[in-house]
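In what follows, a single structure is set out as structure tokens and then discussed.
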Amino acid sequence: MKELLLFAVDELKRQGADYGDIRIGFYRKQYLSTRNKVVTTLSDDEDSGMGIRAFKDGAWGFVSSPFLTRDEAAKIVKRALEIARASAATCPQPLKLASLKTYEDTWQVPFKEDPFSVKNNEKVELLLELNAEMLKVPGIAQVVSDMRFSREHKLFANTIGTVTDQLLMRAYVTYMATAVGPEGFESRNYHDIPVNKGYEHVREAPLMANARRVAEEAVAILKAPDCPEGVRDLVLLPNHTCLVIHETIGHATELDRVMGWEADFAGTSFATPEKLKKFRYGSEIFNVIADRTRPHGRATVKYDDEGVLTGSWYIIKDGILNDYSTTLSTANLIGAEESHGCSFADSWYNVPILRMPNVSIEPGPPGSPSLDDLIASTDDGILIDGRGSFSIDHQRINFQFGGDCCREIKNGKPGRILRRTTYQSHNPEFWSSVDAICSPEEWQMHGVVNCGKGQPLQIAQLTHGSAPLRVKKV
């Protein structure tokens, strides 16, 4: 395949591209799902092809094809340049690309066991065992469990000399128990930590150890009183904070969304460039780091889909808006010389777009309070565990989030479970009310596996980490 990469690059130069690149991708995805004692889905898909971008006169052209031949590459290079020239003729302002460095490298996700080498019978047996364990709990009417695995082999080359070969492997398991009674129904979810690893992650995860607890909590939530209205302190666990980070910080600091280039899936952003380096986004102890290098992170790669070496940077530093997620086409909009490496396409046939990196809240320094300390120092609050419903406005300012299993805190002690718990707040006001973040020992990775953006729709997966933290008077 390297010969095809280099041929396409030569064609881009020969046909007059100012810049261009080619990605060849080989993808395999597997999905297994069960309900109660029945297997409901077992799919295993593979596809491959190439996508070529041509940059000419300040505009892009992109064409893809499943046919991996020289003749096809020459044909789609020509078509990509035609699209770029047509786009340049109608573009109100030419794009300026960030500077690029040259790399020749091979990289892969560290993993021990290829999930596609494990027999499907073994995977299904584990899912059905999880279901059986949850169904032992009285009051549980339905349980579902599923596994998702993916392998992405990406080869990349561009006209300045970069050639990379990368292999990504992903594994994820989740299950849910639903309790039914005179009160209606309630579900409790278990989200395994989605990581870039092999099947060893499934073997290491405490799946069976949590199954009965999840089912028992579903029954308890069903029988619990509704959460009373009022202003209270919130103690957020990392498996809840994950989604709040994603929606209120990750998406809000994508530079294409900030500049109004992207308004799909909940609009643009309030975090506009004039606020950079001076706008208070959170409290003074609040630091948020973006990266595509975190070990086993879902958005972790060595090079993005524009051949940029990835790294890490502060989005929020000491509570102040510090930076954005950027690509070759957007970095110069804030005066940056280089991209942060946030370009991603979910398939060979889709054009790379700006996608969120791993975005995480840094823990407090050593000696920061533990979760037990946070609870003990909270007089009137709610402990929020897991993810529920959410909504957010078109500027990523006003929002509502719900938890999966929420527990009242009274006089420093966790008390009764509360049903239908949601909270509303205003983005900067919410994060500026963070008064305590637990220590590094309690920091955890969680993630999102179905982040949609773009038209045609593309799906990205990313990691969001945090330690337990407290938000005052929500």
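Identifiers in the structure tokens: chain A, B, ... in order shown; residue index from 1 per chain; ligand index from 1 in order shown.
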As a PDB file with N, CA and C atoms, in the first residue's frame, which residues of range 50-176 of chain A does DSSP assign to alpha helix (DSSP H)?
```pdb
ATOM      1  N   ARG A  70      -3.938   2.317  -8.839  1.00  0.00           N
ATOM      2  CA  ARG A  70      -3.309   3.548  -9.315  1.00  0.00           C
ATOM      3  C   ARG A  70      -4.243   4.331 -10.240  1.00  0.00           C
ATOM      4  N   ASP A  71      -4.913   3.619 -11.131  1.00  0.00           N
ATOM      5  CA  ASP A  71      -5.821   4.304 -12.051  1.00  0.00           C
ATOM      6  C   ASP A  71      -6.906   5.061 -11.283  1.00  0.00           C
ATOM      7  N   GLU A  72      -7.434   4.412 -10.234  1.00  0.00           N
ATOM      8  CA  GLU A  72      -8.475   5.058  -9.445  1.00  0.00           C
ATOM      9  C   GLU A  72      -7.912   6.260  -8.692  1.00  0.00           C
ATOM     10  N   ALA A  73      -6.692   6.125  -8.178  1.00  0.00           N
ATOM     11  CA  ALA A  73      -6.075   7.238  -7.456  1.00  0.00           C
ATOM     12  C   ALA A  73      -5.891   8.445  -8.374  1.00  0.00           C
ATOM     13  N   ALA A  74      -5.404   8.212  -9.590  1.00  0.00           N
ATOM     14  CA  ALA A  74      -5.222   9.312 -10.535  1.00  0.00           C
ATOM     15  C   ALA A  74      -6.553   9.983 -10.857  1.00  0.00           C
ATOM     16  N   LYS A  75      -7.589   9.162 -10.992  1.00  0.00           N
ATOM     17  CA  LYS A  75      -8.916   9.684 -11.322  1.00  0.00           C
ATOM     18  C   LYS A  75      -9.465  10.568 -10.201  1.00  0.00           C
ATOM     19  N   ILE A  76      -9.321  10.109  -8.951  1.00  0.00           N
ATOM     20  CA  ILE A  76      -9.928  10.890  -7.867  1.00  0.00           C
ATOM     21  C   ILE A  76      -9.059  12.087  -7.467  1.00  0.00           C
ATOM     22  N   VAL A  77      -7.754  12.031  -7.741  1.00  0.00           N
ATOM     23  CA  VAL A  77      -6.936  13.234  -7.581  1.00  0.00           C
ATOM     24  C   VAL A  77      -7.451  14.332  -8.510  1.00  0.00           C
ATOM     25  N   LYS A  78      -7.718  13.962  -9.759  1.00  0.00           N
ATOM     26  CA  LYS A  78      -8.240  14.929 -10.726  1.00  0.00           C
ATOM     27  C   LYS A  78      -9.566  15.515 -10.257  1.00  0.00           C
ATOM     28  N   ARG A  79     -10.453  14.633  -9.772  1.00  0.00           N
ATOM     29  CA  ARG A  79     -11.767  15.091  -9.326  1.00  0.00           C
ATOM     30  C   ARG A  79     -11.641  15.978  -8.082  1.00  0.00           C
ATOM     31  N   ALA A  80     -10.754  15.612  -7.152  1.00  0.00           N
ATOM     32  CA  ALA A  80     -10.558  16.415  -5.940  1.00  0.00           C
ATOM     33  C   ALA A  80     -10.063  17.817  -6.292  1.00  0.00           C
ATOM     34  N   LEU A  81      -9.177  17.916  -7.280  1.00  0.00           N
ATOM     35  CA  LEU A  81      -8.686  19.228  -7.702  1.00  0.00           C
ATOM     36  C   LEU A  81      -9.780  20.035  -8.391  1.00  0.00           C
ATOM     37  N   GLU A  82     -10.626  19.382  -9.141  1.00  0.00           N
ATOM     38  CA  GLU A  82     -11.754  20.087  -9.760  1.00  0.00           C
ATOM     39  C   GLU A  82     -12.668  20.688  -8.689  1.00  0.00           C
ATOM     40  N   ILE A  83     -12.922  19.911  -7.645  1.00  0.00           N
ATOM     41  CA  ILE A  83     -13.775  20.398  -6.552  1.00  0.00           C
ATOM     42  C   ILE A  83     -13.094  21.549  -5.820  1.00  0.00           C
ATOM     43  N   ALA A  84     -11.781  21.425  -5.586  1.00  0.00           N
ATOM     44  CA  ALA A  84     -11.049  22.491  -4.892  1.00  0.00           C
ATOM     45  C   ALA A  84     -11.094  23.795  -5.687  1.00  0.00           C
ATOM     46  N   ARG A  85     -10.888  23.715  -6.994  1.00  0.00           N
ATOM     47  CA  ARG A  85     -10.919  24.928  -7.825  1.00  0.00           C
ATOM     48  C   ARG A  85     -12.315  25.551  -7.839  1.00  0.00           C
ATOM     49  N   ALA A  86     -13.338  24.700  -7.918  1.00  0.00           N
ATOM     50  CA  ALA A  86     -14.710  25.211  -7.898  1.00  0.00           C
ATOM     51  C   ALA A  86     -15.029  25.855  -6.552  1.00  0.00           C
ATOM     52  N   SER A  87     -14.544  25.245  -5.481  1.00  0.00           N
ATOM     53  CA  SER A  87     -14.769  25.806  -4.145  1.00  0.00           C
ATOM     54  C   SER A  87     -14.052  27.139  -3.991  1.00  0.00           C
ATOM     55  N   ALA A  88     -12.840  27.230  -4.523  1.00  0.00           N
ATOM     56  CA  ALA A  88     -12.073  28.472  -4.423  1.00  0.00           C
ATOM     57  C   ALA A  88     -12.776  29.623  -5.137  1.00  0.00           C
ATOM     58  N   ALA A  89     -13.473  29.301  -6.217  1.00  0.00           N
ATOM     59  CA  ALA A  89     -14.153  30.342  -6.993  1.00  0.00           C
ATOM     60  C   ALA A  89     -15.335  30.944  -6.245  1.00  0.00           C
ATOM     61  N   THR A  90     -15.874  30.210  -5.300  1.00  0.00           N
ATOM     62  CA  THR A  90     -17.053  30.695  -4.562  1.00  0.00           C
ATOM     63  C   THR A  90     -16.762  30.996  -3.100  1.00  0.00           C
ATOM     64  N   ASN A 120     -16.794 -15.861  19.175  1.00  0.00           N
ATOM     65  CA  ASN A 120     -18.040 -15.172  19.509  1.00  0.00           C
ATOM     66  C   ASN A 120     -18.812 -15.882  20.612  1.00  0.00           C
ATOM     67  N   ASN A 121     -18.708 -17.205  20.650  1.00  0.00           N
ATOM     68  CA  ASN A 121     -19.406 -17.955  21.706  1.00  0.00           C
ATOM     69  C   ASN A 121     -18.961 -17.499  23.087  1.00  0.00           C
ATOM     70  N   GLU A 122     -17.663 -17.261  23.238  1.00  0.00           N
ATOM     71  CA  GLU A 122     -17.140 -16.818  24.533  1.00  0.00           C
ATOM     72  C   GLU A 122     -17.696 -15.446  24.901  1.00  0.00           C
ATOM     73  N   LYS A 123     -17.775 -14.564  23.932  1.00  0.00           N
ATOM     74  CA  LYS A 123     -18.298 -13.221  24.185  1.00  0.00           C
ATOM     75  C   LYS A 123     -19.776 -13.277  24.565  1.00  0.00           C
ATOM     76  N   VAL A 124     -20.541 -14.057  23.812  1.00  0.00           N
ATOM     77  CA  VAL A 124     -21.978 -14.172  24.083  1.00  0.00           C
ATOM     78  C   VAL A 124     -22.223 -14.788  25.455  1.00  0.00           C
ATOM     79  N   GLU A 125     -21.444 -15.796  25.807  1.00  0.00           N
ATOM     80  CA  GLU A 125     -21.607 -16.440  27.118  1.00  0.00           C
ATOM     81  C   GLU A 125     -21.417 -15.433  28.247  1.00  0.00           C
ATOM     82  N   LEU A 126     -20.426 -14.563  28.118  1.00  0.00           N
ATOM     83  CA  LEU A 126     -20.205 -13.557  29.155  1.00  0.00           C
ATOM     84  C   LEU A 126     -21.401 -12.609  29.254  1.00  0.00           C
ATOM     85  N   LEU A 127     -21.915 -12.157  28.133  1.00  0.00           N
ATOM     86  CA  LEU A 127     -23.069 -11.258  28.156  1.00  0.00           C
ATOM     87  C   LEU A 127     -24.281 -11.924  28.794  1.00  0.00           C
ATOM     88  N   LEU A 128     -24.525 -13.174  28.454  1.00  0.00           N
ATOM     89  CA  LEU A 128     -25.679 -13.878  29.024  1.00  0.00           C
ATOM     90  C   LEU A 128     -25.487 -14.153  30.515  1.00  0.00           C
ATOM     91  N   GLU A 129     -24.249 -14.365  30.938  1.00  0.00           N
ATOM     92  CA  GLU A 129     -23.976 -14.534  32.373  1.00  0.00           C
ATOM     93  C   GLU A 129     -24.259 -13.232  33.130  1.00  0.00           C
ATOM     94  N   LEU A 130     -23.883 -12.113  32.542  1.00  0.00           N
ATOM     95  CA  LEU A 130     -24.200 -10.822  33.162  1.00  0.00           C
ATOM     96  C   LEU A 130     -25.710 -10.649  33.283  1.00  0.00           C
ATOM     97  N   ASN A 131     -26.424 -10.990  32.228  1.00  0.00           N
ATOM     98  CA  ASN A 131     -27.886 -10.882  32.256  1.00  0.00           C
ATOM     99  C   ASN A 131     -28.486 -11.762  33.338  1.00  0.00           C
ATOM    100  N   ALA A 132     -27.991 -13.001  33.419  1.00  0.00           N
ATOM    101  CA  ALA A 132     -28.529 -13.942  34.407  1.00  0.00           C
ATOM    102  C   ALA A 132     -28.315 -13.429  35.825  1.00  0.00           C
ATOM    103  N   GLU A 133     -27.158 -12.819  36.064  1.00  0.00           N
ATOM    104  CA  GLU A 133     -26.869 -12.286  37.398  1.00  0.00           C
ATOM    105  C   GLU A 133     -27.822 -11.142  37.740  1.00  0.00           C
ATOM    106  N   MET A 134     -28.096 -10.270  36.790  1.00  0.00           N
ATOM    107  CA  MET A 134     -29.009  -9.153  37.045  1.00  0.00           C
ATOM    108  C   MET A 134     -30.444  -9.634  37.217  1.00  0.00           C
ATOM    109  N   LEU A 135     -30.837 -10.658  36.483  1.00  0.00           N
ATOM    110  CA  LEU A 135     -32.212 -11.167  36.562  1.00  0.00           C
ATOM    111  C   LEU A 135     -32.509 -11.874  37.878  1.00  0.00           C
TER     112      LEU A 135
END
```
Skipping near chain neighbours, those fewer than 5 positions away, what residues fall within 10 Å of Val301 in chain A using only C-alpha atoms, listed as a PDB file with N, CA and C atoms, in the first residue's frame?
```pdb
ATOM      1  N   TRP A 107       3.020   3.324  14.163  1.00  0.00           N
ATOM      2  CA  TRP A 107       2.555   3.356  15.558  1.00  0.00           C
ATOM      3  C   TRP A 107       1.304   2.512  15.690  1.00  0.00           C
ATOM      4  N   GLN A 108       1.140   1.898  16.872  1.00  0.00           N
ATOM      5  CA  GLN A 108      -0.117   1.201  17.136  1.00  0.00           C
ATOM      6  C   GLN A 108      -0.483   1.302  18.609  1.00  0.00           C
ATOM      7  N   VAL A 109      -1.776   1.159  18.884  1.00  0.00           N
ATOM      8  CA  VAL A 109      -2.271   1.102  20.255  1.00  0.00           C
ATOM      9  C   VAL A 109      -1.661  -0.114  20.945  1.00  0.00           C
ATOM     10  N   GLN A 166      -0.693   3.594  11.117  1.00  0.00           N
ATOM     11  CA  GLN A 166      -1.203   3.512  12.482  1.00  0.00           C
ATOM     12  C   GLN A 166      -2.293   2.447  12.601  1.00  0.00           C
ATOM     13  N   LEU A 167      -2.286   1.765  13.751  1.00  0.00           N
ATOM     14  CA  LEU A 167      -3.294   0.740  14.037  1.00  0.00           C
ATOM     15  C   LEU A 167      -3.948   1.057  15.373  1.00  0.00           C
ATOM     16  N   LEU A 168      -5.280   1.172  15.369  1.00  0.00           N
ATOM     17  CA  LEU A 168      -6.052   1.439  16.585  1.00  0.00           C
ATOM     18  C   LEU A 168      -6.928   0.241  16.901  1.00  0.00           C
ATOM     19  N   ASN A 196      -8.816   2.367  24.363  1.00  0.00           N
ATOM     20  CA  ASN A 196      -8.106   1.802  23.228  1.00  0.00           C
ATOM     21  C   ASN A 196      -7.227   0.677  23.756  1.00  0.00           C
ATOM     22  N   ASP A 291      -5.914  16.502  25.226  1.00  0.00           N
ATOM     23  CA  ASP A 291      -4.774  15.754  24.711  1.00  0.00           C
ATOM     24  C   ASP A 291      -5.235  14.619  23.807  1.00  0.00           C
ATOM     25  N   ARG A 292      -4.322  14.217  22.935  1.00  0.00           N
ATOM     26  CA  ARG A 292      -4.547  13.026  22.113  1.00  0.00           C
ATOM     27  C   ARG A 292      -3.420  12.021  22.342  1.00  0.00           C
ATOM     28  N   THR A 293      -2.814  12.100  23.534  1.00  0.00           N
ATOM     29  CA  THR A 293      -1.677  11.241  23.855  1.00  0.00           C
ATOM     30  C   THR A 293      -1.900  10.384  25.094  1.00  0.00           C
ATOM     31  N   ARG A 294      -2.979  10.604  25.821  1.00  0.00           N
ATOM     32  CA  ARG A 294      -3.212   9.876  27.068  1.00  0.00           C
ATOM     33  C   ARG A 294      -3.241   8.372  26.799  1.00  0.00           C
ATOM     34  N   PRO A 295      -2.467   7.570  27.542  1.00  0.00           N
ATOM     35  CA  PRO A 295      -2.448   6.124  27.310  1.00  0.00           C
ATOM     36  C   PRO A 295      -3.847   5.520  27.347  1.00  0.00           C
ATOM     37  N   HIS A 296      -4.196   4.828  26.286  1.00  0.00           N
ATOM     38  CA  HIS A 296      -5.465   4.109  26.127  1.00  0.00           C
ATOM     39  C   HIS A 296      -6.678   5.025  25.994  1.00  0.00           C
ATOM     40  N   LEU A 309       1.539  15.625  14.359  1.00  0.00           N
ATOM     41  CA  LEU A 309       1.921  14.951  15.597  1.00  0.00           C
ATOM     42  C   LEU A 309       1.070  15.496  16.738  1.00  0.00           C
ATOM     43  N   THR A 310       0.427  14.606  17.481  1.00  0.00           N
ATOM     44  CA  THR A 310      -0.498  15.051  18.525  1.00  0.00           C
ATOM     45  C   THR A 310       0.243  15.414  19.805  1.00  0.00           C
ATOM     46  N   GLY A 311      -0.453  16.115  20.687  1.00  0.00           N
ATOM     47  CA  GLY A 311       0.127  16.542  21.952  1.00  0.00           C
ATOM     48  C   GLY A 311      -0.950  16.856  22.960  1.00  0.00           C
ATOM     49  N   GLY A 341      -3.736  19.145  16.156  1.00  0.00           N
ATOM     50  CA  GLY A 341      -3.888  17.746  15.753  1.00  0.00           C
ATOM     51  C   GLY A 341      -5.250  17.164  16.075  1.00  0.00           C
ATOM     52  N   PRO A 357     -10.650  16.294  21.146  1.00  0.00           N
ATOM     53  CA  PRO A 357      -9.655  15.362  21.677  1.00  0.00           C
ATOM     54  C   PRO A 357     -10.147  14.759  22.994  1.00  0.00           C
TER      55      PRO A 357
END
```
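Residues with any atom within 9 Å of Pro468 in chain A, counting only C-alpha atoms and excluding same-chain neighbours fewer than 5 positions away, are Val235, Leu236, Leu237, Pro238, Thr241, Pro363, Ser370, Leu371, Leu374, Ala436, Ile437, Cys438, Ser439, Glu442, Trp443 and Gln444 of chain A.
Between CA of Pro352 in chain A and CA of Leu243 in chain A there is a distance of 23.7 Å.
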**Study point:** Ser377 in chain A surroundings by only C-alpha atoms, 8 Å radius, close-in-sequence under 4 positions cut, as a PyMOL selection string
**Key:** chain A and resi 373+411-412
Point to revise | Secondary structure check, strand (DSSP E) residues of range 158-345 of chain A, as a PyMOL selection string | key: chain A and resi 158+163-181+184-191+233-236+288-291+312-317+320-321+343-344
Study note, to complete from the structure: Computed gap from CA of Asp318 in chain A to CA of Gly388 in chain A is 29.0 Å
